[in-house]
$ cat query-v3.cif   # mmCIF, C-alpha atoms
data_entry
loop_
_atom_site.label_atom_id
_atom_site.label_comp_id
_atom_site.auth_asym_id
_atom_site.auth_seq_id
_atom_site.Cartn_x
_atom_site.Cartn_y
_atom_site.Cartn_z
CA MET A 1 132.93 147.70 31.33
CA ALA A 2 133.76 148.04 35.01
CA PRO A 3 130.95 149.60 37.07
CA TRP A 4 133.06 152.54 38.22
CA CYS A 5 133.98 153.58 34.67
CA SER A 6 131.55 156.39 34.03
CA VAL A 7 130.20 157.17 30.59
CA SER A 8 129.27 160.75 29.78
CA SER A 9 126.78 161.99 27.21
CA GLY A 10 129.16 164.35 25.43
CA PRO A 11 132.22 166.54 25.96
CA SER A 12 131.94 169.05 28.80
CA ARG A 13 132.35 172.78 28.32
CA TYR A 14 135.75 172.49 29.97
CA VAL A 15 136.88 169.80 27.51
CA LEU A 16 135.64 171.81 24.52
CA GLY A 17 137.36 174.95 25.84
CA MET A 18 140.68 173.20 26.45
CA GLN A 19 140.52 171.45 23.08
CA GLU A 20 140.01 174.83 21.47
CA LEU A 21 143.03 176.18 23.37
CA PHE A 22 145.25 173.22 22.43
CA ARG A 23 144.26 173.48 18.76
CA GLY A 24 146.14 176.76 18.75
CA HIS A 25 148.76 175.61 21.29
CA SER A 26 149.63 172.08 20.18
CA LYS A 27 153.30 172.63 19.48
CA THR A 28 155.96 170.57 21.27
CA ARG A 29 159.52 171.87 21.36
CA GLU A 30 162.53 169.97 22.59
CA PHE A 31 165.51 171.37 24.43
CA PRO A 32 168.95 169.72 24.84
CA ALA A 33 169.39 168.84 28.51
CA HIS A 34 171.66 165.84 29.04
CA SER A 35 174.00 163.38 27.35
CA ALA A 36 171.85 160.38 28.30
CA LYS A 37 168.21 159.57 28.99
CA VAL A 38 166.19 161.89 31.22
CA HIS A 39 164.50 160.11 34.12
CA SER A 40 162.65 162.94 35.83
CA VAL A 41 161.32 166.46 35.20
CA ALA A 42 159.77 168.80 37.77
CA TRP A 43 158.69 172.46 38.00
CA SER A 44 159.56 174.81 40.83
CA CYS A 45 156.54 175.93 42.85
CA ASP A 46 156.47 179.34 41.14
CA GLY A 47 156.78 177.79 37.67
CA ARG A 48 159.82 179.85 36.74
CA ARG A 49 162.17 176.87 36.52
CA LEU A 50 162.15 173.30 35.27
CA ALA A 51 164.64 170.76 36.60
CA SER A 52 165.60 167.48 34.96
CA GLY A 53 167.57 164.52 36.26
CA SER A 54 169.40 162.06 34.04
CA PHE A 55 171.24 158.80 33.68
CA ASP A 56 174.29 160.98 32.93
CA LYS A 57 174.60 161.63 36.73
CA THR A 58 173.63 165.31 36.48
CA ALA A 59 170.64 167.55 37.02
CA SER A 60 169.84 170.50 34.75
CA VAL A 61 167.77 173.59 35.50
CA PHE A 62 166.03 175.69 32.85
CA LEU A 63 164.34 179.06 33.07
CA LEU A 64 160.97 179.33 31.36
CA GLU A 65 161.03 182.38 29.12
CA LYS A 66 157.85 183.07 27.16
CA ASP A 67 157.65 180.04 24.89
CA ARG A 68 160.97 178.37 25.50
CA LEU A 69 163.23 176.81 28.09
CA VAL A 70 166.65 178.42 28.52
CA LYS A 71 169.25 176.31 30.26
CA GLU A 72 170.45 178.05 33.41
CA ASN A 73 172.82 175.52 34.97
CA ASN A 74 174.04 171.97 35.15
CA TYR A 75 174.41 170.38 38.58
CA ARG A 76 177.23 167.85 38.96
CA GLY A 77 178.36 165.82 41.93
CA HIS A 78 176.43 162.57 41.93
CA GLY A 79 178.42 159.43 41.20
CA ASP A 80 175.54 157.58 39.59
CA SER A 81 172.27 158.10 37.73
CA VAL A 82 169.89 160.80 39.01
CA ASP A 83 166.67 158.78 39.07
CA GLN A 84 164.21 161.27 40.54
CA LEU A 85 164.12 164.86 41.73
CA CYS A 86 161.64 167.25 43.28
CA TRP A 87 161.44 170.89 44.37
CA HIS A 88 160.74 172.31 47.79
CA PRO A 89 156.93 172.79 47.96
CA SER A 90 157.09 176.52 48.79
CA ASN A 91 160.69 177.67 48.26
CA PRO A 92 161.32 178.02 44.50
CA ASP A 93 165.12 178.01 44.96
CA LEU A 94 165.65 174.55 46.43
CA PHE A 95 165.44 171.12 44.86
CA VAL A 96 166.60 167.66 45.86
CA THR A 97 167.95 164.78 43.77
CA ALA A 98 167.95 161.04 44.48
CA SER A 99 170.73 158.94 43.01
CA GLY A 100 171.95 155.39 42.72
CA ASP A 101 175.19 156.55 44.43
CA LYS A 102 173.49 156.09 47.85
CA THR A 103 173.12 159.82 48.47
CA ILE A 104 170.57 162.54 48.08
CA ARG A 105 171.67 166.09 47.38
CA ILE A 106 169.90 169.37 48.08
CA TRP A 107 170.72 172.18 45.65
CA ASP A 108 170.19 175.94 45.73
CA VAL A 109 169.69 177.63 42.36
CA ARG A 110 170.81 181.02 43.78
CA THR A 111 174.33 179.76 44.48
CA THR A 112 174.17 176.79 42.03
CA LYS A 113 175.82 174.77 44.79
CA CYS A 114 174.96 171.60 46.62
CA ILE A 115 173.99 172.74 50.11
CA ALA A 116 173.77 169.24 51.56
CA THR A 117 174.75 165.70 50.68
CA VAL A 118 172.98 163.09 52.79
CA ASN A 119 174.30 159.54 52.78
CA THR A 120 171.65 156.82 52.66
CA LYS A 121 171.80 153.05 52.95
CA GLY A 122 170.96 151.99 49.43
CA GLU A 123 170.62 152.96 45.78
CA ASN A 124 167.90 155.61 45.73
CA ILE A 125 165.15 155.50 43.14
CA ASN A 126 162.32 157.72 44.39
CA ILE A 127 162.03 160.90 46.40
CA CYS A 128 159.40 163.38 47.57
CA TRP A 129 159.27 166.50 49.72
CA SER A 130 156.55 166.85 52.36
CA PRO A 131 153.95 169.58 51.73
CA ASP A 132 155.08 171.47 54.87
CA GLY A 133 158.67 171.50 53.55
CA GLN A 134 160.11 169.94 56.71
CA THR A 135 160.85 166.40 55.57
CA ILE A 136 162.28 164.60 52.55
CA ALA A 137 161.39 160.94 52.02
CA VAL A 138 163.62 158.78 49.86
CA GLY A 139 163.09 155.18 48.79
CA ASN A 140 165.79 152.79 47.65
CA LYS A 141 166.07 149.57 45.64
CA ASP A 142 165.92 147.50 48.85
CA ASP A 143 162.44 148.90 49.68
CA VAL A 144 163.67 151.04 52.55
CA VAL A 145 162.12 154.51 52.90
CA THR A 146 164.17 157.04 54.88
CA PHE A 147 162.68 160.25 56.28
CA ILE A 148 165.22 163.08 56.40
CA ASP A 149 164.87 166.36 58.28
CA ALA A 150 165.14 169.04 55.57
CA LYS A 151 166.85 171.51 57.96
CA THR A 152 169.33 169.34 59.87
CA HIS A 153 169.77 166.86 56.99
CA ARG A 154 169.63 163.99 59.49
CA SER A 155 167.53 160.87 59.27
CA LYS A 156 164.37 161.04 61.43
CA ALA A 157 162.95 157.61 60.68
CA GLU A 158 163.50 154.60 58.49
CA GLU A 159 161.04 151.95 57.37
CA GLN A 160 161.88 148.63 55.76
CA PHE A 161 159.00 147.20 53.72
CA LYS A 162 158.39 143.58 52.84
CA PHE A 163 157.09 144.42 49.37
CA GLU A 164 158.38 146.24 46.30
CA VAL A 165 157.97 149.98 46.96
CA ASN A 166 157.42 152.01 43.81
CA GLU A 167 156.38 155.65 44.15
CA ILE A 168 155.95 157.47 47.47
CA SER A 169 153.98 160.60 48.39
CA TRP A 170 152.44 162.49 51.24
CA ASN A 171 148.81 163.55 51.00
CA ASN A 172 148.26 167.32 50.73
CA ASP A 173 147.37 167.57 54.43
CA ASN A 174 150.76 166.12 55.40
CA ASN A 175 149.19 163.64 57.85
CA MET A 176 149.34 160.48 55.75
CA PHE A 177 152.06 158.83 53.70
CA PHE A 178 151.25 156.75 50.63
CA LEU A 179 153.24 154.05 48.83
CA THR A 180 152.41 152.13 45.67
CA ASN A 181 153.67 148.57 45.62
CA GLY A 182 154.53 145.63 43.40
CA ASN A 183 151.45 143.67 44.50
CA GLY A 184 149.08 146.27 43.04
CA CYS A 185 148.31 147.85 46.41
CA ILE A 186 148.34 151.35 47.82
CA ASN A 187 149.70 151.33 51.38
CA ILE A 188 148.75 154.23 53.61
CA LEU A 189 150.65 155.10 56.80
CA SER A 190 149.81 157.73 59.40
CA TYR A 191 152.32 160.57 59.55
CA PRO A 192 154.50 161.23 61.48
CA GLU A 193 153.76 158.02 63.43
CA LEU A 194 154.21 155.80 60.32
CA LYS A 195 151.61 153.34 61.57
CA PRO A 196 149.69 151.32 58.93
CA VAL A 197 146.26 152.87 58.29
CA GLN A 198 145.04 150.94 55.28
CA SER A 199 146.12 148.80 52.35
CA ILE A 200 143.98 149.18 49.23
CA ASN A 201 143.92 146.57 46.49
CA ALA A 202 144.07 149.08 43.65
CA HIS A 203 145.18 147.08 40.62
CA PRO A 204 145.57 143.42 39.62
CA SER A 205 149.24 144.01 38.82
CA ASN A 206 152.18 146.18 39.88
CA CYS A 207 151.03 149.64 41.03
CA ILE A 208 153.71 151.96 39.68
CA CYS A 209 152.98 155.64 40.25
CA ILE A 210 150.85 157.94 42.41
CA LYS A 211 150.03 161.65 42.28
CA PHE A 212 147.79 163.94 44.35
CA ASP A 213 145.79 166.67 42.71
CA PRO A 214 146.60 170.25 43.85
CA MET A 215 143.03 170.76 45.07
CA GLY A 216 143.24 167.88 47.53
CA LYS A 217 140.16 166.14 46.15
CA TYR A 218 141.67 163.17 44.30
CA PHE A 219 144.77 161.11 43.85
CA ALA A 220 145.59 158.95 40.84
CA THR A 221 147.54 155.72 40.49
CA GLY A 222 149.04 154.14 37.39
CA SER A 223 149.68 150.45 36.99
CA ALA A 224 151.34 147.76 34.90
CA ASP A 225 147.79 146.78 33.83
CA ALA A 226 147.86 149.97 31.67
CA LEU A 227 145.04 151.52 33.73
CA VAL A 228 144.98 154.80 35.60
CA SER A 229 142.58 154.87 38.53
CA LEU A 230 141.26 157.99 40.20
CA TRP A 231 140.60 157.91 43.94
CA ASP A 232 138.58 160.12 46.26
CA VAL A 233 141.02 161.31 48.95
CA ASP A 234 138.46 161.40 51.77
CA GLU A 235 136.54 158.21 50.98
CA LEU A 236 139.53 156.22 49.63
CA VAL A 237 137.32 154.77 46.91
CA CYS A 238 138.01 154.53 43.18
CA VAL A 239 135.71 156.93 41.34
CA ARG A 240 136.76 156.18 37.75
CA CYS A 241 139.43 154.68 35.58
CA PHE A 242 141.17 155.77 32.41
CA SER A 243 142.00 153.02 29.94
CA ARG A 244 143.35 154.59 26.75
CA LEU A 245 146.95 153.41 27.19
CA ASP A 246 148.11 149.92 26.21
CA TRP A 247 151.35 149.74 28.21
CA PRO A 248 152.28 150.01 31.92
CA VAL A 249 151.56 153.54 33.18
CA ARG A 250 154.87 155.02 34.30
CA THR A 251 154.09 158.61 35.11
CA LEU A 252 151.18 160.90 35.98
CA SER A 253 150.61 164.61 36.52
CA PHE A 254 147.59 166.74 37.45
CA SER A 255 147.23 170.23 35.98
CA HIS A 256 147.40 173.22 38.34
CA ASP A 257 143.60 173.48 38.59
CA GLY A 258 143.20 169.73 39.16
CA LYS A 259 141.01 169.41 36.07
CA MET A 260 143.38 167.60 33.70
CA LEU A 261 145.39 164.43 34.21
CA ALA A 262 148.31 163.51 31.96
CA SER A 263 149.42 159.87 31.91
CA ALA A 264 152.17 158.22 29.90
CA SER A 265 153.71 154.84 29.17
CA GLU A 266 155.54 153.10 26.35
CA ASP A 267 152.65 154.12 24.06
CA HIS A 268 153.75 156.78 21.60
CA PHE A 269 151.39 159.37 22.98
CA ILE A 270 150.62 161.04 26.31
CA ASP A 271 146.97 160.84 27.28
CA ILE A 272 145.37 164.01 28.63
CA ALA A 273 142.03 163.35 30.31
CA GLU A 274 139.40 165.50 31.94
CA VAL A 275 139.49 164.40 35.58
CA GLU A 276 135.76 164.76 36.32
CA THR A 277 134.49 162.70 33.39
CA GLY A 278 137.48 160.64 32.26
CA ASP A 279 136.91 162.01 28.74
CA LYS A 280 139.87 162.26 26.42
CA LEU A 281 140.82 165.89 26.11
CA TRP A 282 143.97 165.64 23.97
CA GLU A 283 146.86 163.38 23.14
CA VAL A 284 150.45 164.51 22.80
CA GLN A 285 152.34 162.55 20.15
CA CYS A 286 155.79 161.21 20.99
CA GLU A 287 158.16 158.95 19.10
CA SER A 288 159.25 156.73 21.98
CA PRO A 289 158.31 155.67 25.55
CA THR A 290 157.76 158.50 28.01
CA PHE A 291 159.44 158.33 31.42
CA THR A 292 158.19 161.46 33.15
CA VAL A 293 155.52 164.17 32.75
CA ALA A 294 154.88 167.36 34.75
CA TRP A 295 152.23 170.05 34.30
CA HIS A 296 153.32 173.63 34.92
CA PRO A 297 151.99 174.88 38.31
CA LYS A 298 150.12 177.83 36.74
CA ARG A 299 149.71 177.30 32.99
CA PRO A 300 148.56 174.55 30.59
CA LEU A 301 152.15 173.63 29.67
CA LEU A 302 153.34 170.03 29.96
CA ALA A 303 157.02 169.15 30.38
CA PHE A 304 158.03 165.59 29.59
CA ALA A 305 160.96 163.38 28.61
CA CYS A 306 161.12 160.29 26.44
CA ASP A 307 163.54 157.50 25.66
CA ASP A 308 164.65 159.29 22.51
CA LYS A 309 167.57 158.30 20.35
CA ASP A 310 169.66 160.85 18.49
CA GLY A 311 168.98 159.31 15.09
CA LYS A 312 170.84 161.86 12.99
CA TYR A 313 174.29 160.41 13.64
CA ASP A 314 173.97 157.33 15.82
CA SER A 315 170.68 155.56 16.43
CA SER A 316 171.93 154.05 19.70
CA ARG A 317 172.94 157.38 21.27
CA GLU A 318 170.41 158.76 23.71
CA ALA A 319 169.16 162.25 22.94
CA GLY A 320 168.72 163.45 26.54
CA THR A 321 166.21 166.14 25.64
CA VAL A 322 163.43 167.77 27.66
CA LYS A 323 160.21 168.55 25.82
CA LEU A 324 157.53 171.18 26.34
CA PHE A 325 153.97 170.80 24.99
CA GLY A 326 151.31 173.51 24.88
CA LEU A 327 153.24 176.17 23.01
CA PRO A 328 151.54 178.42 20.44
CA ASN A 329 151.57 176.85 16.96
CA ASP A 330 153.15 180.01 15.50
CA SER A 331 155.95 180.23 18.11
#

$ encode --input "query-v3.cif" --output "structure tokens"
Amino acid sequence: MAPWCSVSSGPSRYVLGMQELFRGHSKTREFPAHSAKVHSVAWSCDGRRLASGSFDKTASVFLLEKDRLVKENNYRGHGDSVDQLCWHPSNPDLFVTASGDKTIRIWDVRTTKCIATVNTKGENINICWSPDGQTIAVGNKDDVVTFIDAKTHRSKAEEQFKFEVNEISWNNDNNMFFLTNGNGCINILSYPELKPVQSINAHPSNCICIKFDPMGKYFATGSADALVSLWDVDELVCVRCFSRLDWPVRTLSFSHDGKMLASASEDHFIDIAEVETGDKLWEVQCESPTFTVAWHPKRPLLAFACDDKDGKYDSSREAGTVKLFGLPNDS
């Protein structure tokens, strides 16, 4: 066992409490969202809405009502797959989508219209909004990251990288910019200067995803080696790893209190771990690989989407559903 993998003597009070909660709230419901596979799900900052982006070139927005998602609108306009989307960090009405059609689009749920279409140089695959709301970063298949002013919708900076760029993210303080890369490294740049600060050898193989916890204490990375590693934000050291998945880790999400970490892969379950101990807290069963997971910003509800097929009529047809775990068993 690696030296940084801690072993605890027994489940913590938090784990026991959350397991007790999930025993009564272990139901997963699915909601029709798209006509093809769902690539990305994300909650608005107030938790009232969930957005999903799909291979079918659209985004969908749902309202969370008690124990169900009610579809509010479909957002059309992209000419290619919507690969990733995210919400404005403090305005619950705005979200942005990244597409293979070489554009990003900013949408307003109040008018259900696209308020800006920004042309970019390549096919976009990842996107994030800075914590201060002022900048949108978008990465494309050619490993170029473009920084776009969220008000003027003009490009502020552009960086071409010599390695495969996977997921991108600001730290919570907005003064550093992180990239995970195909060589298993985490690259850290100063922001807004975009000068290299550090490159961390995080994993022996492709480092796929990165997420920061809402408390600003940790960030987590997921890799093709099937490991999730947890990092101390200030020290930039790995404090523990989670090794219950057998396939490349595609997606991660911290709960609103920073105490739970959900990770998913091609395994037919989503692992939910206690952050402080690495202990398994729960697993959410799924029938196929999971592409995207997102904890609700205020409640222990997990949205996710899988590579499901609509087996009733045609086993090759993609189901395009969004799922919600953590609902009361009697709902």

$ closest_atom_pairs --input "query-v3.cif" --of "stretch 204-236 of chain A" --to "stretch 290-301 of chain A" --cutoff "12 Å" --atoms "all atoms listed in the file" --output "JSON lines"
{"residue": "A:Ile208", "atom": "CA", "partner": "A:Phe291", "partner_atom": "CA", "distance": 11.9}
{"residue": "A:Cys209", "atom": "CA", "partner": "A:Thr292", "partner_atom": "CA", "distance": 10.6}
{"residue": "A:Lys211", "atom": "CA", "partner": "A:Ala294", "partner_atom": "CA", "distance": 10.6}
{"residue": "A:Asp213", "atom": "CA", "partner": "A:Trp295", "partner_atom": "CA", "distance": 11.1}
{"residue": "A:Pro214", "atom": "CA", "partner": "A:Pro297", "partner_atom": "CA", "distance": 9.0}
{"residue": "A:Met215", "atom": "CA", "partner": "A:Pro297", "partner_atom": "CA", "distance": 12.0}

$ atom_distance --input "query-v3.cif" --atom1 "atom CA of A:Ala303" --atom2 "atom CA of A:Thr111"
24.7 Å

$ closest_residue --input "query-v3.cif" --among "A:Ala51, A:Val239, A:Leu16, A:Leu302" --to "A:Gly326" --atoms "only C-alpha atoms"
A:Leu302

$ resolve_selection --input "query-v3.cif" --expression "the PyMOL selection byres ((chain A and resi 114) around 10)" --output "list in words"
Tyr75, Arg76, Gly77, Leu94, Phe95, Val96, Arg105, Ile106, Trp107, Asp108, Val109, Thr111, Thr112, Lys113, Ile115, Ala116 and Thr117 of chain A

$ closest_residue --input "query-v3.cif" --among "A:Gly258, A:Phe161, A:Asp330, A:Val322" --to "A:His34" --atoms "all atoms listed in the file"
A:Val322

$ resolve_selection --input "query-v3.cif" --expression "the PyMOL selection byres ((chain A and resi 243) around 10)" --output "PyMOL selection string"
chain A and resi 5+225-229+240-242+244-246+271+278

$ closest_residue --input "query-v3.cif" --among "A:Val41, A:Ala59, A:Val165, A:Leu64" --to "A:Asp80" --atoms "only C-alpha atoms"
A:Ala59

$ decode --input "query-v3.cif" --residues "stretch 141-215 of chain A" --atoms "C-alpha atoms" --output "PDB file, in the first residue's frame"
ATOM      1  CA  LYS A 141      -8.925  19.516 -29.088  1.00  0.00           C
ATOM      2  CA  ASP A 142      -5.690  21.213 -30.219  1.00  0.00           C
ATOM      3  CA  ASP A 143      -4.700  21.921 -26.575  1.00  0.00           C
ATOM      4  CA  VAL A 144      -5.323  25.652 -26.836  1.00  0.00           C
ATOM      5  CA  VAL A 145      -6.959  27.338 -23.828  1.00  0.00           C
ATOM      6  CA  THR A 146      -8.697  30.661 -24.545  1.00  0.00           C
ATOM      7  CA  PHE A 147      -9.623  33.123 -21.800  1.00  0.00           C
ATOM      8  CA  ILE A 148     -12.767  35.097 -22.651  1.00  0.00           C
ATOM      9  CA  ASP A 149     -14.014  38.229 -20.900  1.00  0.00           C
ATOM     10  CA  ALA A 150     -17.483  37.282 -19.621  1.00  0.00           C
ATOM     11  CA  LYS A 151     -18.816  40.849 -20.099  1.00  0.00           C
ATOM     12  CA  THR A 152     -17.369  41.898 -23.472  1.00  0.00           C
ATOM     13  CA  HIS A 153     -17.257  38.321 -24.825  1.00  0.00           C
ATOM     14  CA  ARG A 154     -13.817  39.030 -26.297  1.00  0.00           C
ATOM     15  CA  SER A 155     -10.722  36.908 -25.958  1.00  0.00           C
ATOM     16  CA  LYS A 156      -8.297  38.222 -23.305  1.00  0.00           C
ATOM     17  CA  ALA A 157      -5.555  35.634 -23.675  1.00  0.00           C
ATOM     18  CA  GLU A 158      -4.756  32.409 -25.437  1.00  0.00           C
ATOM     19  CA  GLU A 159      -2.295  29.690 -24.496  1.00  0.00           C
ATOM     20  CA  GLN A 160      -1.097  26.862 -26.711  1.00  0.00           C
ATOM     21  CA  PHE A 161       0.184  23.872 -24.727  1.00  0.00           C
ATOM     22  CA  LYS A 162       2.628  21.232 -25.893  1.00  0.00           C
ATOM     23  CA  PHE A 163       0.804  18.446 -24.071  1.00  0.00           C
ATOM     24  CA  GLU A 164      -2.684  16.964 -24.067  1.00  0.00           C
ATOM     25  CA  VAL A 165      -4.871  19.269 -21.948  1.00  0.00           C
ATOM     26  CA  ASN A 166      -7.734  17.469 -20.231  1.00  0.00           C
ATOM     27  CA  GLU A 167      -9.730  19.334 -17.580  1.00  0.00           C
ATOM     28  CA  ILE A 168      -9.134  22.967 -16.586  1.00  0.00           C
ATOM     29  CA  SER A 169     -10.033  24.885 -13.427  1.00  0.00           C
ATOM     30  CA  TRP A 170      -9.235  27.945 -11.400  1.00  0.00           C
ATOM     31  CA  ASN A 171      -8.483  27.553  -7.703  1.00  0.00           C
ATOM     32  CA  ASN A 172     -11.112  29.055  -5.378  1.00  0.00           C
ATOM     33  CA  ASP A 173      -8.978  32.150  -4.775  1.00  0.00           C
ATOM     34  CA  ASN A 174      -8.948  32.922  -8.506  1.00  0.00           C
ATOM     35  CA  ASN A 175      -5.170  33.502  -8.534  1.00  0.00           C
ATOM     36  CA  MET A 176      -4.036  30.203 -10.037  1.00  0.00           C
ATOM     37  CA  PHE A 177      -5.129  28.179 -13.047  1.00  0.00           C
ATOM     38  CA  PHE A 178      -4.846  24.388 -13.098  1.00  0.00           C
ATOM     39  CA  LEU A 179      -4.714  21.929 -16.001  1.00  0.00           C
ATOM     40  CA  THR A 180      -4.594  18.143 -15.959  1.00  0.00           C
ATOM     41  CA  ASN A 181      -2.603  16.607 -18.782  1.00  0.00           C
ATOM     42  CA  GLY A 182      -2.013  13.450 -20.776  1.00  0.00           C
ATOM     43  CA  ASN A 183       1.372  12.832 -19.131  1.00  0.00           C
ATOM     44  CA  GLY A 184      -0.191  12.395 -15.693  1.00  0.00           C
ATOM     45  CA  CYS A 185       0.752  15.896 -14.528  1.00  0.00           C
ATOM     46  CA  ILE A 186      -1.070  18.807 -12.965  1.00  0.00           C
ATOM     47  CA  ASN A 187       0.179  22.084 -14.446  1.00  0.00           C
ATOM     48  CA  ILE A 188      -0.338  25.218 -12.386  1.00  0.00           C
ATOM     49  CA  LEU A 189      -0.177  28.728 -13.872  1.00  0.00           C
ATOM     50  CA  SER A 190      -0.353  32.058 -12.072  1.00  0.00           C
ATOM     51  CA  TYR A 191      -3.474  34.054 -12.895  1.00  0.00           C
ATOM     52  CA  PRO A 192      -3.945  36.445 -14.625  1.00  0.00           C
ATOM     53  CA  GLU A 193      -0.262  36.395 -15.689  1.00  0.00           C
ATOM     54  CA  LEU A 194      -0.467  32.754 -16.914  1.00  0.00           C
ATOM     55  CA  LYS A 195       3.145  32.113 -15.941  1.00  0.00           C
ATOM     56  CA  PRO A 196       4.098  28.510 -15.042  1.00  0.00           C
ATOM     57  CA  VAL A 197       4.195  28.055 -11.254  1.00  0.00           C
ATOM     58  CA  GLN A 198       4.589  24.310 -10.891  1.00  0.00           C
ATOM     59  CA  SER A 199       4.134  20.985 -12.632  1.00  0.00           C
ATOM     60  CA  ILE A 200       3.206  18.107 -10.337  1.00  0.00           C
ATOM     61  CA  ASN A 201       3.708  14.483 -11.326  1.00  0.00           C
ATOM     62  CA  ALA A 202       0.346  13.318 -10.018  1.00  0.00           C
ATOM     63  CA  HIS A 203      -0.276   9.982 -11.709  1.00  0.00           C
ATOM     64  CA  PRO A 204       1.688   7.413 -13.746  1.00  0.00           C
ATOM     65  CA  SER A 205      -0.816   7.733 -16.597  1.00  0.00           C
ATOM     66  CA  ASN A 206      -3.173  10.263 -18.188  1.00  0.00           C
ATOM     67  CA  CYS A 207      -4.568  12.712 -15.592  1.00  0.00           C
ATOM     68  CA  ILE A 208      -8.162  13.213 -16.696  1.00  0.00           C
ATOM     69  CA  CYS A 209     -10.209  15.348 -14.320  1.00  0.00           C
ATOM     70  CA  ILE A 210      -9.790  17.898 -11.523  1.00  0.00           C
ATOM     71  CA  LYS A 211     -12.182  19.438  -8.989  1.00  0.00           C
ATOM     72  CA  PHE A 212     -11.749  21.882  -6.097  1.00  0.00           C
ATOM     73  CA  ASP A 213     -13.686  21.426  -2.893  1.00  0.00           C
ATOM     74  CA  PRO A 214     -16.053  24.304  -1.961  1.00  0.00           C
ATOM     75  CA  MET A 215     -14.181  24.896   1.307  1.00  0.00           C
TER      76      MET A 215
END
